[in-house]
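Chemist: The structure's right below; bear with me while I get my questions together.
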Amino acid sequence: MAKKPKLEHSELSGEFTDDGITVLVDIFRPAGTQQDWKLEVVTEKEELFEWDEPFATDREAFDEFLATVARDGIRSFLEDDDVPTTH
């Protein structure tokens, strides 16, 4: 069985609350590498939203998350048939 690669999590990762809704922002890359960062958001109902494209820096990933919240609102991460789930 293949081992899961160890991950380095950005210091910018963590809980984010807006408008009474809390999500977990996870920014990570393989440990010990200089690879690009991946961005995921996990809701309280454990719904996972992943960005398709990686980011050169963890700051760019976090800024994209903040831009998404500013543009679409934190509620865009809640499961709703009227809200697209791709970011």
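Residues are referred to by chain and number: the chain letter is A, B, ... according to the order shown in the structure tokens, the number counts from 1 in that chain, and ligands are numbered separately from 1 in the order shown.
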From a DSSP calculation on the backbone, collect every residue of chain A in strand (DSSP E or B) and output the set as a PDB file with all heavy atoms, in the first residue's frame.
Modeler:
ATOM      1  N   LEU A   7       2.303  16.421   4.073  1.00  0.00           N
ATOM      2  CA  LEU A   7       1.940  17.734   3.552  1.00  0.00           C
ATOM      3  C   LEU A   7       2.447  18.844   4.452  1.00  0.00           C
ATOM      4  O   LEU A   7       2.494  18.692   5.675  1.00  0.00           O
ATOM      5  CB  LEU A   7       0.419  17.850   3.412  1.00  0.00           C
ATOM      6  CG  LEU A   7      -0.246  16.859   2.465  1.00  0.00           C
ATOM      7  CD1 LEU A   7      -1.754  17.028   2.513  1.00  0.00           C
ATOM      8  CD2 LEU A   7       0.271  17.012   1.056  1.00  0.00           C
ATOM      9  N   GLU A   8       2.801  19.939   3.844  1.00  0.00           N
ATOM     10  CA  GLU A   8       3.146  21.173   4.546  1.00  0.00           C
ATOM     11  C   GLU A   8       1.929  22.080   4.430  1.00  0.00           C
ATOM     12  O   GLU A   8       1.472  22.374   3.325  1.00  0.00           O
ATOM     13  CB  GLU A   8       4.356  21.815   3.875  1.00  0.00           C
ATOM     14  CG  GLU A   8       4.672  23.202   4.367  1.00  0.00           C
ATOM     15  CD  GLU A   8       5.793  23.858   3.575  1.00  0.00           C
ATOM     16  OE1 GLU A   8       6.318  23.272   2.617  1.00  0.00           O
ATOM     17  OE2 GLU A   8       6.120  25.003   3.929  1.00  0.00           O
ATOM     18  N   HIS A   9       1.392  22.495   5.571  1.00  0.00           N
ATOM     19  CA  HIS A   9       0.217  23.368   5.585  1.00  0.00           C
ATOM     20  C   HIS A   9       0.667  24.804   5.848  1.00  0.00           C
ATOM     21  O   HIS A   9       1.483  25.061   6.728  1.00  0.00           O
ATOM     22  CB  HIS A   9      -0.786  22.924   6.644  1.00  0.00           C
ATOM     23  CG  HIS A   9      -1.388  21.591   6.331  1.00  0.00           C
ATOM     24  ND1 HIS A   9      -2.556  21.461   5.621  1.00  0.00           N
ATOM     25  CD2 HIS A   9      -0.966  20.348   6.609  1.00  0.00           C
ATOM     26  CE1 HIS A   9      -2.828  20.176   5.480  1.00  0.00           C
ATOM     27  NE2 HIS A   9      -1.876  19.482   6.066  1.00  0.00           N
ATOM     28  N   GLY A  14      -6.678  27.648   8.161  1.00  0.00           N
ATOM     29  CA  GLY A  14      -7.397  27.674   9.430  1.00  0.00           C
ATOM     30  C   GLY A  14      -8.858  28.012   9.224  1.00  0.00           C
ATOM     31  O   GLY A  14      -9.342  28.109   8.094  1.00  0.00           O
ATOM     32  N   GLU A  15      -9.545  28.175  10.333  1.00  0.00           N
ATOM     33  CA  GLU A  15     -10.961  28.510  10.271  1.00  0.00           C
ATOM     34  C   GLU A  15     -11.144  29.958   9.840  1.00  0.00           C
ATOM     35  O   GLU A  15     -10.359  30.838  10.207  1.00  0.00           O
ATOM     36  CB  GLU A  15     -11.630  28.279  11.626  1.00  0.00           C
ATOM     37  CG  GLU A  15     -11.769  26.820  11.971  1.00  0.00           C
ATOM     38  CD  GLU A  15     -12.572  26.595  13.243  1.00  0.00           C
ATOM     39  OE1 GLU A  15     -12.888  27.579  13.949  1.00  0.00           O
ATOM     40  OE2 GLU A  15     -12.890  25.432  13.529  1.00  0.00           O
ATOM     41  N   PHE A  16     -12.191  30.180   9.056  1.00  0.00           N
ATOM     42  CA  PHE A  16     -12.543  31.517   8.594  1.00  0.00           C
ATOM     43  C   PHE A  16     -14.043  31.668   8.790  1.00  0.00           C
ATOM     44  O   PHE A  16     -14.819  30.822   8.340  1.00  0.00           O
ATOM     45  CB  PHE A  16     -12.180  31.673   7.111  1.00  0.00           C
ATOM     46  CG  PHE A  16     -12.480  33.037   6.560  1.00  0.00           C
ATOM     47  CD1 PHE A  16     -11.537  34.050   6.636  1.00  0.00           C
ATOM     48  CD2 PHE A  16     -13.707  33.306   5.983  1.00  0.00           C
ATOM     49  CE1 PHE A  16     -11.813  35.315   6.129  1.00  0.00           C
ATOM     50  CE2 PHE A  16     -13.993  34.561   5.467  1.00  0.00           C
ATOM     51  CZ  PHE A  16     -13.044  35.569   5.544  1.00  0.00           C
ATOM     52  N   THR A  17     -14.450  32.734   9.484  1.00  0.00           N
ATOM     53  CA  THR A  17     -15.861  32.970   9.763  1.00  0.00           C
ATOM     54  C   THR A  17     -16.285  34.294   9.166  1.00  0.00           C
ATOM     55  O   THR A  17     -15.599  35.308   9.311  1.00  0.00           O
ATOM     56  CB  THR A  17     -16.129  32.968  11.285  1.00  0.00           C
ATOM     57  OG1 THR A  17     -15.703  31.715  11.833  1.00  0.00           O
ATOM     58  CG2 THR A  17     -17.604  33.166  11.584  1.00  0.00           C
ATOM     59  N   ASP A  18     -17.419  34.273   8.491  1.00  0.00           N
ATOM     60  CA  ASP A  18     -18.008  35.471   7.916  1.00  0.00           C
ATOM     61  C   ASP A  18     -19.511  35.263   7.888  1.00  0.00           C
ATOM     62  O   ASP A  18     -19.980  34.159   7.569  1.00  0.00           O
ATOM     63  CB  ASP A  18     -17.469  35.708   6.500  1.00  0.00           C
ATOM     64  CG  ASP A  18     -17.935  37.027   5.908  1.00  0.00           C
ATOM     65  OD1 ASP A  18     -17.875  38.055   6.614  1.00  0.00           O
ATOM     66  OD2 ASP A  18     -18.362  37.032   4.738  1.00  0.00           O
ATOM     67  N   ILE A  21     -21.015  32.120   9.313  1.00  0.00           N
ATOM     68  CA  ILE A  21     -20.678  30.826   8.715  1.00  0.00           C
ATOM     69  C   ILE A  21     -19.174  30.613   8.844  1.00  0.00           C
ATOM     70  O   ILE A  21     -18.386  31.496   8.520  1.00  0.00           O
ATOM     71  CB  ILE A  21     -21.098  30.783   7.234  1.00  0.00           C
ATOM     72  CG1 ILE A  21     -22.612  30.922   7.132  1.00  0.00           C
ATOM     73  CG2 ILE A  21     -20.613  29.504   6.559  1.00  0.00           C
ATOM     74  CD1 ILE A  21     -23.104  31.179   5.741  1.00  0.00           C
ATOM     75  N   THR A  22     -18.794  29.420   9.303  1.00  0.00           N
ATOM     76  CA  THR A  22     -17.375  29.082   9.462  1.00  0.00           C
ATOM     77  C   THR A  22     -17.000  27.989   8.480  1.00  0.00           C
ATOM     78  O   THR A  22     -17.714  26.988   8.350  1.00  0.00           O
ATOM     79  CB  THR A  22     -17.087  28.615  10.897  1.00  0.00           C
ATOM     80  OG1 THR A  22     -17.427  29.675  11.801  1.00  0.00           O
ATOM     81  CG2 THR A  22     -15.625  28.256  11.079  1.00  0.00           C
ATOM     82  N   VAL A  23     -15.882  28.192   7.795  1.00  0.00           N
ATOM     83  CA  VAL A  23     -15.318  27.175   6.906  1.00  0.00           C
ATOM     84  C   VAL A  23     -13.860  26.976   7.287  1.00  0.00           C
ATOM     85  O   VAL A  23     -13.257  27.823   7.938  1.00  0.00           O
ATOM     86  CB  VAL A  23     -15.426  27.574   5.412  1.00  0.00           C
ATOM     87  CG1 VAL A  23     -16.878  27.696   4.986  1.00  0.00           C
ATOM     88  CG2 VAL A  23     -14.662  28.854   5.118  1.00  0.00           C
ATOM     89  N   LEU A  24     -13.308  25.864   6.873  1.00  0.00           N
ATOM     90  CA  LEU A  24     -11.891  25.579   7.075  1.00  0.00           C
ATOM     91  C   LEU A  24     -11.179  25.830   5.757  1.00  0.00           C
ATOM     92  O   LEU A  24     -11.511  25.218   4.734  1.00  0.00           O
ATOM     93  CB  LEU A  24     -11.684  24.135   7.522  1.00  0.00           C
ATOM     94  CG  LEU A  24     -10.229  23.693   7.669  1.00  0.00           C
ATOM     95  CD1 LEU A  24      -9.523  24.498   8.757  1.00  0.00           C
ATOM     96  CD2 LEU A  24     -10.139  22.215   7.943  1.00  0.00           C
ATOM     97  N   VAL A  25     -10.223  26.725   5.769  1.00  0.00           N
ATOM     98  CA  VAL A  25      -9.398  27.017   4.600  1.00  0.00           C
ATOM     99  C   VAL A  25      -8.116  26.206   4.748  1.00  0.00           C
ATOM    100  O   VAL A  25      -7.412  26.343   5.747  1.00  0.00           O
ATOM    101  CB  VAL A  25      -9.076  28.526   4.517  1.00  0.00           C
ATOM    102  CG1 VAL A  25      -8.191  28.816   3.320  1.00  0.00           C
ATOM    103  CG2 VAL A  25     -10.352  29.350   4.469  1.00  0.00           C
ATOM    104  N   ASP A  26      -7.833  25.350   3.777  1.00  0.00           N
ATOM    105  CA  ASP A  26      -6.633  24.522   3.825  1.00  0.00           C
ATOM    106  C   ASP A  26      -5.766  24.834   2.606  1.00  0.00           C
ATOM    107  O   ASP A  26      -6.200  24.662   1.462  1.00  0.00           O
ATOM    108  CB  ASP A  26      -6.995  23.037   3.847  1.00  0.00           C
ATOM    109  CG  ASP A  26      -5.830  22.157   4.259  1.00  0.00           C
ATOM    110  OD1 ASP A  26      -4.791  22.693   4.709  1.00  0.00           O
ATOM    111  OD2 ASP A  26      -5.956  20.925   4.138  1.00  0.00           O
ATOM    112  N   ILE A  27      -4.565  25.324   2.866  1.00  0.00           N
ATOM    113  CA  ILE A  27      -3.591  25.649   1.823  1.00  0.00           C
ATOM    114  C   ILE A  27      -2.380  24.769   2.097  1.00  0.00           C
ATOM    115  O   ILE A  27      -1.814  24.820   3.184  1.00  0.00           O
ATOM    116  CB  ILE A  27      -3.229  27.147   1.866  1.00  0.00           C
ATOM    117  CG1 ILE A  27      -4.487  27.997   1.701  1.00  0.00           C
ATOM    118  CG2 ILE A  27      -2.176  27.469   0.808  1.00  0.00           C
ATOM    119  CD1 ILE A  27      -4.290  29.472   1.991  1.00  0.00           C
ATOM    120  N   PHE A  28      -2.003  23.942   1.123  1.00  0.00           N
ATOM    121  CA  PHE A  28      -0.975  22.940   1.388  1.00  0.00           C
ATOM    122  C   PHE A  28      -0.201  22.577   0.124  1.00  0.00           C
ATOM    123  O   PHE A  28      -0.619  22.889  -0.992  1.00  0.00           O
ATOM    124  CB  PHE A  28      -1.609  21.682   1.980  1.00  0.00           C
ATOM    125  CG  PHE A  28      -2.619  21.043   1.061  1.00  0.00           C
ATOM    126  CD1 PHE A  28      -2.236  20.044   0.192  1.00  0.00           C
ATOM    127  CD2 PHE A  28      -3.946  21.449   1.060  1.00  0.00           C
ATOM    128  CE1 PHE A  28      -3.156  19.457  -0.672  1.00  0.00           C
ATOM    129  CE2 PHE A  28      -4.883  20.881   0.207  1.00  0.00           C
ATOM    130  CZ  PHE A  28      -4.476  19.874  -0.660  1.00  0.00           C
ATOM    131  N   ARG A  29       0.935  21.911   0.331  1.00  0.00           N
ATOM    132  CA  ARG A  29       1.754  21.353  -0.737  1.00  0.00           C
ATOM    133  C   ARG A  29       2.549  20.193  -0.140  1.00  0.00           C
ATOM    134  O   ARG A  29       2.634  20.056   1.094  1.00  0.00           O
ATOM    135  CB  ARG A  29       2.694  22.406  -1.330  1.00  0.00           C
ATOM    136  CG  ARG A  29       3.755  22.899  -0.367  1.00  0.00           C
ATOM    137  CD  ARG A  29       4.597  23.961  -1.017  1.00  0.00           C
ATOM    138  NE  ARG A  29       5.565  24.511  -0.065  1.00  0.00           N
ATOM    139  CZ  ARG A  29       6.327  25.547  -0.328  1.00  0.00           C
ATOM    140  NH1 ARG A  29       6.245  26.160  -1.497  1.00  0.00           N
ATOM    141  NH2 ARG A  29       7.171  25.992   0.570  1.00  0.00           N
ATOM    142  N   PRO A  30       3.148  19.351  -0.988  1.00  0.00           N
ATOM    143  CA  PRO A  30       3.962  18.259  -0.444  1.00  0.00           C
ATOM    144  C   PRO A  30       5.097  18.817   0.421  1.00  0.00           C
ATOM    145  O   PRO A  30       5.764  19.779   0.039  1.00  0.00           O
ATOM    146  CB  PRO A  30       4.506  17.561  -1.694  1.00  0.00           C
ATOM    147  CG  PRO A  30       3.509  17.885  -2.773  1.00  0.00           C
ATOM    148  CD  PRO A  30       3.033  19.270  -2.443  1.00  0.00           C
ATOM    149  N   TRP A  37       1.148  25.660  -4.321  1.00  0.00           N
ATOM    150  CA  TRP A  37       0.202  25.418  -3.234  1.00  0.00           C
ATOM    151  C   TRP A  37      -1.173  25.072  -3.777  1.00  0.00           C
ATOM    152  O   TRP A  37      -1.600  25.623  -4.783  1.00  0.00           O
ATOM    153  CB  TRP A  37       0.096  26.665  -2.365  1.00  0.00           C
ATOM    154  CG  TRP A  37       1.371  27.006  -1.666  1.00  0.00           C
ATOM    155  CD1 TRP A  37       2.394  27.764  -2.163  1.00  0.00           C
ATOM    156  CD2 TRP A  37       1.763  26.609  -0.357  1.00  0.00           C
ATOM    157  NE1 TRP A  37       3.410  27.865  -1.234  1.00  0.00           N
ATOM    158  CE2 TRP A  37       3.044  27.164  -0.108  1.00  0.00           C
ATOM    159  CE3 TRP A  37       1.167  25.844   0.643  1.00  0.00           C
ATOM    160  CZ2 TRP A  37       3.725  26.975   1.080  1.00  0.00           C
ATOM    161  CZ3 TRP A  37       1.855  25.660   1.828  1.00  0.00           C
ATOM    162  CH2 TRP A  37       3.110  26.220   2.038  1.00  0.00           C
ATOM    163  N   LYS A  38      -1.878  24.203  -3.091  1.00  0.00           N
ATOM    164  CA  LYS A  38      -3.256  23.860  -3.423  1.00  0.00           C
ATOM    165  C   LYS A  38      -4.172  24.500  -2.392  1.00  0.00           C
ATOM    166  O   LYS A  38      -3.797  24.670  -1.236  1.00  0.00           O
ATOM    167  CB  LYS A  38      -3.446  22.352  -3.442  1.00  0.00           C
ATOM    168  CG  LYS A  38      -2.620  21.692  -4.526  1.00  0.00           C
ATOM    169  CD  LYS A  38      -3.043  20.279  -4.747  1.00  0.00           C
ATOM    170  CE  LYS A  38      -2.208  19.699  -5.861  1.00  0.00           C
ATOM    171  NZ  LYS A  38      -2.990  19.313  -6.994  1.00  0.00           N
ATOM    172  N   LEU A  39      -5.392  24.821  -2.829  1.00  0.00           N
ATOM    173  CA  LEU A  39      -6.375  25.472  -1.974  1.00  0.00           C
ATOM    174  C   LEU A  39      -7.628  24.635  -1.905  1.00  0.00           C
ATOM    175  O   LEU A  39      -8.171  24.226  -2.939  1.00  0.00           O
ATOM    176  CB  LEU A  39      -6.695  26.869  -2.523  1.00  0.00           C
ATOM    177  CG  LEU A  39      -7.860  27.630  -1.893  1.00  0.00           C
ATOM    178  CD1 LEU A  39      -7.626  27.888  -0.404  1.00  0.00           C
ATOM    179  CD2 LEU A  39      -8.090  28.945  -2.637  1.00  0.00           C
ATOM    180  N   GLU A  40      -8.086  24.374  -0.689  1.00  0.00           N
ATOM    181  CA  GLU A  40      -9.340  23.671  -0.450  1.00  0.00           C
ATOM    182  C   GLU A  40     -10.110  24.402   0.642  1.00  0.00           C
ATOM    183  O   GLU A  40      -9.513  24.985   1.547  1.00  0.00           O
ATOM    184  CB  GLU A  40      -9.108  22.233   0.006  1.00  0.00           C
ATOM    185  CG  GLU A  40      -8.435  21.362  -1.004  1.00  0.00           C
ATOM    186  CD  GLU A  40      -8.228  19.939  -0.522  1.00  0.00           C
ATOM    187  OE1 GLU A  40      -8.393  19.651   0.684  1.00  0.00           O
ATOM    188  OE2 GLU A  40      -7.879  19.103  -1.365  1.00  0.00           O
ATOM    189  N   VAL A  41     -11.428  24.329   0.545  1.00  0.00           N
ATOM    190  CA  VAL A  41     -12.303  24.864   1.583  1.00  0.00           C
ATOM    191  C   VAL A  41     -13.244  23.741   1.996  1.00  0.00           C
ATOM    192  O   VAL A  41     -13.840  23.071   1.150  1.00  0.00           O
ATOM    193  CB  VAL A  41     -13.109  26.083   1.071  1.00  0.00           C
ATOM    194  CG1 VAL A  41     -14.140  26.517   2.102  1.00  0.00           C
ATOM    195  CG2 VAL A  41     -12.172  27.239   0.730  1.00  0.00           C
ATOM    196  N   VAL A  42     -13.353  23.531   3.307  1.00  0.00           N
ATOM    197  CA  VAL A  42     -14.220  22.494   3.847  1.00  0.00           C
ATOM    198  C   VAL A  42     -15.280  23.174   4.705  1.00  0.00           C
ATOM    199  O   VAL A  42     -14.952  23.970   5.590  1.00  0.00           O
ATOM    200  CB  VAL A  42     -13.427  21.474   4.699  1.00  0.00           C
ATOM    201  CG1 VAL A  42     -14.345  20.374   5.214  1.00  0.00           C
ATOM    202  CG2 VAL A  42     -12.263  20.891   3.908  1.00  0.00           C
ATOM    203  N   LEU A  48     -16.431  19.584   0.400  1.00  0.00           N
ATOM    204  CA  LEU A  48     -15.095  19.981  -0.021  1.00  0.00           C
ATOM    205  C   LEU A  48     -15.158  20.758  -1.334  1.00  0.00           C
ATOM    206  O   LEU A  48     -15.778  20.315  -2.298  1.00  0.00           O
ATOM    207  CB  LEU A  48     -14.216  18.741  -0.204  1.00  0.00           C
ATOM    208  CG  LEU A  48     -12.810  18.969  -0.737  1.00  0.00           C
ATOM    209  CD1 LEU A  48     -11.977  19.769   0.254  1.00  0.00           C
ATOM    210  CD2 LEU A  48     -12.160  17.638  -1.054  1.00  0.00           C
ATOM    211  N   PHE A  49     -14.501  21.910  -1.354  1.00  0.00           N
ATOM    212  CA  PHE A  49     -14.366  22.722  -2.560  1.00  0.00           C
ATOM    213  C   PHE A  49     -12.882  22.850  -2.854  1.00  0.00           C
ATOM    214  O   PHE A  49     -12.120  23.288  -2.000  1.00  0.00           O
ATOM    215  CB  PHE A  49     -14.986  24.111  -2.349  1.00  0.00           C
ATOM    216  CG  PHE A  49     -16.467  24.061  -2.145  1.00  0.00           C
ATOM    217  CD1 PHE A  49     -16.991  23.807  -0.886  1.00  0.00           C
ATOM    218  CD2 PHE A  49     -17.330  24.236  -3.209  1.00  0.00           C
ATOM    219  CE1 PHE A  49     -18.361  23.742  -0.696  1.00  0.00           C
ATOM    220  CE2 PHE A  49     -18.705  24.175  -3.018  1.00  0.00           C
ATOM    221  CZ  PHE A  49     -19.221  23.922  -1.762  1.00  0.00           C
ATOM    222  N   GLU A  50     -12.482  22.438  -4.046  1.00  0.00           N
ATOM    223  CA  GLU A  50     -11.070  22.475  -4.434  1.00  0.00           C
ATOM    224  C   GLU A  50     -10.905  23.384  -5.644  1.00  0.00           C
ATOM    225  O   GLU A  50     -11.719  23.362  -6.552  1.00  0.00           O
ATOM    226  CB  GLU A  50     -10.583  21.076  -4.830  1.00  0.00           C
ATOM    227  CG  GLU A  50     -10.684  20.049  -3.738  1.00  0.00           C
ATOM    228  CD  GLU A  50     -10.328  18.673  -4.261  1.00  0.00           C
ATOM    229  OE1 GLU A  50     -11.194  18.053  -4.916  1.00  0.00           O
ATOM    230  OE2 GLU A  50      -9.188  18.242  -4.035  1.00  0.00           O
ATOM    231  N   PHE A  55      -1.372  27.459  -6.893  1.00  0.00           N
ATOM    232  CA  PHE A  55      -0.916  28.830  -6.701  1.00  0.00           C
ATOM    233  C   PHE A  55       0.585  28.840  -6.408  1.00  0.00           C
ATOM    234  O   PHE A  55       1.082  27.974  -5.698  1.00  0.00           O
ATOM    235  CB  PHE A  55      -1.669  29.472  -5.532  1.00  0.00           C
ATOM    236  CG  PHE A  55      -3.151  29.530  -5.766  1.00  0.00           C
ATOM    237  CD1 PHE A  55      -3.963  28.465  -5.406  1.00  0.00           C
ATOM    238  CD2 PHE A  55      -3.736  30.637  -6.343  1.00  0.00           C
ATOM    239  CE1 PHE A  55      -5.325  28.500  -5.630  1.00  0.00           C
ATOM    240  CE2 PHE A  55      -5.100  30.688  -6.570  1.00  0.00           C
ATOM    241  CZ  PHE A  55      -5.898  29.617  -6.216  1.00  0.00           C
TER     242      PHE A  55
END
Chemist: Please provide as a PyMOL selection string all residues within 10 Å of Gly73 in chain A, with the sequence filter that same-chain residues fewer than 6 positions apart are discarded (counting only C-alpha atoms).
Modeler: chain A and resi 18-19+66-67
Chemist: Which distance in Å separates CA of Thr57 in chain A and CA of Asp36 in chain A, to one decimal?
Modeler: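 Interatomic distance here is 6.6 Å.
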Chemist: Looking only at the backbone, which of the residues in chain A does DSSP tag as alpha helix (DSSP H), as a list in words?
Modeler: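 Taking chain A and keeping alpha helix (DSSP H) only, one gets Asp58, Arg59, Glu60, Ala61, Phe62, Asp63, Glu64, Phe65, Leu66, Ala67, Thr68, Val69, Ala70, Arg71 and Asp72 of chain A.
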Chemist: Please dump the current selection as a short mmCIF file (atom, residue, chain, number, x, y, z; two decimals), in the first residue's frame; keep all heavy atoms.
Modeler:
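After the write, part-v4.cif holds the following:
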data_model
loop_
_atom_site.label_atom_id
_atom_site.label_comp_id
_atom_site.auth_asym_id
_atom_site.auth_seq_id
_atom_site.Cartn_x
_atom_site.Cartn_y
_atom_site.Cartn_z
N ASP A 58 1.46 30.65 -1.03
CA ASP A 58 0.31 30.45 -0.15
C ASP A 58 -0.50 31.74 -0.03
O ASP A 58 -1.72 31.72 0.09
CB ASP A 58 0.72 29.90 1.21
CG ASP A 58 1.73 30.75 1.95
OD1 ASP A 58 2.40 31.62 1.34
OD2 ASP A 58 1.89 30.54 3.17
N ARG A 59 0.16 32.90 -0.11
CA ARG A 59 -0.53 34.18 -0.04
C ARG A 59 -1.48 34.35 -1.23
O ARG A 59 -2.59 34.82 -1.08
CB ARG A 59 0.49 35.33 0.03
CG ARG A 59 -0.08 36.73 -0.11
CD ARG A 59 -1.24 37.08 0.80
NE ARG A 59 -0.91 37.08 2.19
CZ ARG A 59 -1.82 37.29 3.15
NH1 ARG A 59 -3.08 37.54 2.86
NH2 ARG A 59 -1.47 37.25 4.41
N GLU A 60 -1.02 33.95 -2.43
CA GLU A 60 -1.89 34.03 -3.61
C GLU A 60 -3.13 33.15 -3.43
O GLU A 60 -4.23 33.53 -3.82
CB GLU A 60 -1.13 33.60 -4.87
CG GLU A 60 -0.14 34.61 -5.36
CD GLU A 60 0.62 34.13 -6.59
OE1 GLU A 60 0.17 33.18 -7.27
OE2 GLU A 60 1.68 34.71 -6.87
N ALA A 61 -2.94 31.96 -2.85
CA ALA A 61 -4.07 31.07 -2.61
C ALA A 61 -5.05 31.70 -1.63
O ALA A 61 -6.27 31.70 -1.87
CB ALA A 61 -3.57 29.72 -2.08
N PHE A 62 -4.54 32.25 -0.55
CA PHE A 62 -5.42 32.86 0.45
C PHE A 62 -6.12 34.09 -0.12
O PHE A 62 -7.32 34.29 0.12
CB PHE A 62 -4.64 33.22 1.71
CG PHE A 62 -5.52 33.63 2.86
CD1 PHE A 62 -6.35 32.70 3.47
CD2 PHE A 62 -5.53 34.93 3.32
CE1 PHE A 62 -7.17 33.08 4.53
CE2 PHE A 62 -6.34 35.31 4.37
CZ PHE A 62 -7.17 34.37 4.98
N ASP A 63 -5.40 34.88 -0.92
CA ASP A 63 -6.01 36.06 -1.54
C ASP A 63 -7.14 35.65 -2.50
O ASP A 63 -8.16 36.33 -2.60
CB ASP A 63 -4.97 36.90 -2.27
CG ASP A 63 -4.06 37.65 -1.32
OD1 ASP A 63 -4.37 37.74 -0.10
OD2 ASP A 63 -3.02 38.16 -1.78
N GLU A 64 -6.97 34.52 -3.20
CA GLU A 64 -8.03 34.02 -4.09
C GLU A 64 -9.25 33.62 -3.27
O GLU A 64 -10.39 33.88 -3.66
CB GLU A 64 -7.53 32.85 -4.92
CG GLU A 64 -8.61 32.18 -5.76
CD GLU A 64 -9.28 33.10 -6.77
OE1 GLU A 64 -8.67 34.11 -7.20
OE2 GLU A 64 -10.42 32.81 -7.15
N PHE A 65 -9.02 32.96 -2.13
CA PHE A 65 -10.13 32.61 -1.25
C PHE A 65 -10.87 33.88 -0.80
O PHE A 65 -12.09 33.96 -0.89
CB PHE A 65 -9.64 31.83 -0.02
CG PHE A 65 -10.66 31.74 1.07
CD1 PHE A 65 -11.76 30.91 0.93
CD2 PHE A 65 -10.54 32.52 2.21
CE1 PHE A 65 -12.74 30.86 1.93
CE2 PHE A 65 -11.50 32.47 3.20
CZ PHE A 65 -12.61 31.63 3.07
N LEU A 66 -10.11 34.89 -0.34
CA LEU A 66 -10.74 36.13 0.11
C LEU A 66 -11.49 36.82 -1.02
O LEU A 66 -12.59 37.37 -0.82
CB LEU A 66 -9.68 37.08 0.69
CG LEU A 66 -9.01 36.64 1.99
CD1 LEU A 66 -7.93 37.64 2.37
CD2 LEU A 66 -10.03 36.47 3.10
N ALA A 67 -10.94 36.79 -2.23
CA ALA A 67 -11.61 37.39 -3.39
C ALA A 67 -12.91 36.67 -3.70
O ALA A 67 -13.91 37.30 -4.05
CB ALA A 67 -10.67 37.38 -4.60
N THR A 68 -12.90 35.35 -3.56
CA THR A 68 -14.12 34.56 -3.80
C THR A 68 -15.19 34.93 -2.78
O THR A 68 -16.36 35.12 -3.14
CB THR A 68 -13.81 33.05 -3.73
OG1 THR A 68 -12.85 32.74 -4.74
CG2 THR A 68 -15.06 32.22 -3.94
N VAL A 69 -14.80 35.07 -1.51
CA VAL A 69 -15.76 35.46 -0.48
C VAL A 69 -16.28 36.87 -0.75
O VAL A 69 -17.48 37.13 -0.64
CB VAL A 69 -15.13 35.36 0.93
CG1 VAL A 69 -16.04 35.96 1.98
CG2 VAL A 69 -14.82 33.90 1.27
N ALA A 70 -15.40 37.79 -1.13
CA ALA A 70 -15.83 39.16 -1.41
C ALA A 70 -16.77 39.21 -2.62
O ALA A 70 -17.75 39.96 -2.61
CB ALA A 70 -14.60 40.05 -1.65
N ARG A 71 -16.46 38.42 -3.65
CA ARG A 71 -17.25 38.43 -4.89
C ARG A 71 -18.55 37.66 -4.76
O ARG A 71 -19.62 38.13 -5.15
CB ARG A 71 -16.40 37.84 -6.02
CG ARG A 71 -17.07 37.83 -7.38
CD ARG A 71 -16.19 37.17 -8.45
NE ARG A 71 -15.91 35.77 -8.11
CZ ARG A 71 -14.69 35.29 -7.87
NH1 ARG A 71 -13.63 36.05 -7.91
NH2 ARG A 71 -14.53 34.01 -7.57
N ASP A 72 -18.48 36.43 -4.21
CA ASP A 72 -19.63 35.53 -4.21
C ASP A 72 -20.28 35.35 -2.85
O ASP A 72 -21.37 34.80 -2.76
CB ASP A 72 -19.20 34.14 -4.71
CG ASP A 72 -18.60 34.17 -6.10
OD1 ASP A 72 -18.94 35.09 -6.88
OD2 ASP A 72 -17.77 33.29 -6.41
#
Chemist: May I ask for the distance between CA of Lys3 in chain A and CA of Thr43 in chain A, given in Å to one decimal place?
Modeler: 26.7 Å
Chemist: When distances are computed from only C-alpha atoms, which of A:Glu11, A:Phe77, A:Thr33, A:Gly20 shows the smallest separation from Glu46 in chain A?
Modeler: A:Phe77
Chemist: So the first atom is CA of Leu78 in chain A and the second is CA of Ser10 in chain A; what is the distance between them in Å, to one decimal place?
Modeler: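 The value is 23.8 Å.
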Chemist: Select, from A:Arg75, A:Glu44, A:Asp52, A:Pro5, the residue with the minimum atom-to-atom distance to Gly32 in chain A, counting only C-alpha atoms.
Modeler: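 That would be A:Pro5, the residue with the smallest distance to Gly32 in chain A.
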